[in-house]
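Note sheet for the following structure.
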Amino acid sequence: MTIFTKIINREIPADIVYEDDQCIAFRDVSPQAPVHILVIPKKPIVNVENIGDEDQMLIGHIWLRIRDIARTEGLSESGYRVVVNCGADGGQSVDHLHYHVLGGRPLSWPPG
Ligand code: 5GP
């Protein structure tokens, strides 16, 4: 079980900004921008490599909620970035699929 499952189960605290039956969004404990929210499926998918064809609706749902969360956080006009790290070279540190929503300042490119 990852730390994100413990957040879903309310076993450890988190600053939750959105939740429904399929996904939950909470503020990153180590924010890299003024707004840094993690959006995760409640289903414990490890990473992009482990998304199944049967998860198509779930993944689409998460993207629509990311859009809504960005609007709620006031990022729609200024812009923002959605990042999904996958595996060792991708810099993934928690083995539960998560979408970083980063905004509130200009973000440089390319990433490190
Ligand atoms: P990754 O490096 O896997 O793409 O991202 C994992 C993210 O989870 C990191 O940005 C890290 O700060 C965040 N994180 C790790 N543990 C916790 C926690 O217990 N609570 C919250 N809110 N975020 C966490």
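The way I read the labels, and the way they are meant: chains A, B, ... in the order of the structure tokens, residue 1 as the first residue of every chain, and ligand 1 as the first ligand shown, with later ones counted on from there.
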Do a neighbour search on range 17-32 of chain A at 8 Å with only C-alpha atoms, toss out local chain neighbours closer than 5 positions, and write the hits as an MDAnalysis selection string.
chainID A and resid 8 37:43 58 62 69 102
Restrict the selected residues to N, CA, C and O atoms and save them as a compact mmCIF listing (two decimals), in the first residue's frame.
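Ended up saving to selection.txt:
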# COMPACT_ATOMS: atom_id res chain seq x y z
N ILE A 8 -6.24 8.35 0.64
CA ILE A 8 -7.61 8.01 0.20
C ILE A 8 -8.41 7.47 1.38
O ILE A 8 -9.58 7.83 1.57
N ILE A 37 -0.98 20.66 -6.91
CA ILE A 37 -2.01 19.71 -6.49
C ILE A 37 -1.75 18.37 -7.18
O ILE A 37 -1.34 18.34 -8.35
N LEU A 38 -1.96 17.30 -6.46
CA LEU A 38 -1.87 15.95 -7.02
C LEU A 38 -3.28 15.42 -7.22
O LEU A 38 -4.10 15.45 -6.30
N VAL A 39 -3.55 14.95 -8.43
CA VAL A 39 -4.84 14.33 -8.74
C VAL A 39 -4.58 12.86 -9.02
O VAL A 39 -3.74 12.53 -9.86
N ILE A 40 -5.29 11.99 -8.29
CA ILE A 40 -5.00 10.56 -8.40
C ILE A 40 -6.30 9.77 -8.54
O ILE A 40 -7.34 10.16 -8.00
N PRO A 41 -6.24 8.65 -9.29
CA PRO A 41 -7.40 7.76 -9.28
C PRO A 41 -7.48 7.05 -7.94
O PRO A 41 -6.44 6.81 -7.29
N LYS A 42 -8.68 6.73 -7.49
CA LYS A 42 -8.78 5.91 -6.27
C LYS A 42 -8.33 4.48 -6.55
O LYS A 42 -7.78 3.81 -5.67
N LYS A 43 -8.51 4.04 -7.78
CA LYS A 43 -8.01 2.73 -8.19
C LYS A 43 -6.48 2.76 -8.13
O LYS A 43 -5.85 3.67 -8.68
N LEU A 58 -12.03 6.27 -16.88
CA LEU A 58 -11.43 6.82 -15.66
C LEU A 58 -10.40 7.89 -16.00
O LEU A 58 -10.39 8.97 -15.39
N ILE A 62 -10.49 11.87 -15.07
CA ILE A 62 -9.45 12.59 -14.32
C ILE A 62 -9.04 13.87 -15.06
O ILE A 62 -8.89 14.93 -14.44
N ILE A 69 -10.35 21.69 -11.58
CA ILE A 69 -9.52 22.11 -10.44
C ILE A 69 -8.67 23.31 -10.84
O ILE A 69 -8.53 24.27 -10.06
N LEU A 102 0.53 22.07 -11.65
CA LEU A 102 1.46 23.10 -11.17
C LEU A 102 1.11 24.44 -11.81
O LEU A 102 0.93 24.53 -13.03
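Residues of range 39-106 of chain A that DSSP, applied to the backbone, places in strand (DSSP E or B): Val39, Ile40, Pro41, Tyr80, Arg81, Val82, Val83, Tyr99, His100, Val101, Leu102 and Gly103 of chain A.
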Could you list, as a PyMOL selection string, all residues that come within 12 Å of ligand 1? Count only C-alpha atoms and all ligand atoms.
chain A and resi 2-8+10-17+24-33+35-40+46-48+82-102
Write the selection just made, keeping C-alpha atoms, as a short mmCIF file (atom, residue, chain, number, x, y, z; two decimals), in the first residue's frame?
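out.cif, freshly written:
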data_model
loop_
_atom_site.label_atom_id
_atom_site.label_comp_id
_atom_site.auth_asym_id
_atom_site.auth_seq_id
_atom_site.Cartn_x
_atom_site.Cartn_y
_atom_site.Cartn_z
CA THR A 2 1.37 3.44 -0.92
CA ILE A 3 1.08 6.66 1.04
CA PHE A 4 -1.57 7.81 -1.45
CA THR A 5 -3.84 4.88 -0.57
CA LYS A 6 -3.47 5.95 3.05
CA ILE A 7 -4.59 9.46 2.06
CA ILE A 8 -7.61 8.01 0.20
CA ARG A 10 -7.96 8.96 5.63
CA GLU A 11 -5.23 7.08 7.49
CA ILE A 12 -2.90 10.07 7.08
CA PRO A 13 -3.99 13.70 6.71
CA ALA A 14 -3.91 15.69 3.48
CA ASP A 15 -5.25 19.02 2.27
CA ILE A 16 -7.94 17.58 0.01
CA VAL A 17 -9.32 20.02 -2.57
CA ILE A 24 -9.18 12.54 -5.22
CA ALA A 25 -7.06 15.70 -5.37
CA PHE A 26 -4.89 17.12 -2.60
CA ARG A 27 -2.09 19.64 -2.18
CA ASP A 28 1.45 18.32 -2.54
CA VAL A 29 3.25 18.26 0.82
CA SER A 30 6.34 19.73 -0.87
CA PRO A 31 4.94 22.30 -3.32
CA GLN A 32 7.10 23.24 -6.30
CA ALA A 33 4.88 26.17 -7.31
CA VAL A 35 -0.32 25.87 -6.69
CA HIS A 36 0.81 22.23 -6.63
CA ILE A 37 -2.01 19.71 -6.49
CA LEU A 38 -1.87 15.95 -7.02
CA VAL A 39 -4.84 14.33 -8.74
CA ILE A 40 -5.00 10.56 -8.40
CA VAL A 46 0.94 2.07 -10.41
CA ASN A 47 1.79 4.39 -13.30
CA VAL A 48 1.09 5.13 -16.96
CA VAL A 82 0.17 18.88 -15.78
CA VAL A 83 3.02 16.43 -15.18
CA VAL A 84 2.95 12.66 -14.84
CA ASN A 85 6.25 11.08 -13.85
CA CYS A 86 6.59 7.42 -14.82
CA GLY A 87 9.22 5.02 -13.53
CA ALA A 88 12.81 5.57 -12.45
CA ASP A 89 13.99 7.84 -15.27
CA GLY A 90 10.72 9.76 -15.07
CA GLY A 91 11.42 10.57 -11.44
CA GLN A 92 8.40 8.74 -10.04
CA SER A 93 8.72 8.33 -6.27
CA VAL A 94 5.23 7.14 -5.30
CA ASP A 95 3.95 4.02 -7.08
CA HIS A 96 0.36 5.20 -7.48
CA LEU A 97 -0.55 7.06 -10.68
CA HIS A 98 -0.71 10.81 -10.01
CA TYR A 99 -1.04 13.98 -12.03
CA HIS A 100 0.87 17.01 -10.77
CA VAL A 101 -1.04 20.25 -11.44
CA LEU A 102 1.46 23.10 -11.17
#
If you measure from CA of Ile51 in chain A to CA of Trp63 in chain A, what distance in Å do you get, rounded to one decimal?
14.2 Å
DSSP helix (DSSP H, G or I) residues within chain A, as a PyMOL selection string
chain A and resi 3-8+48-50+53-72+87-90
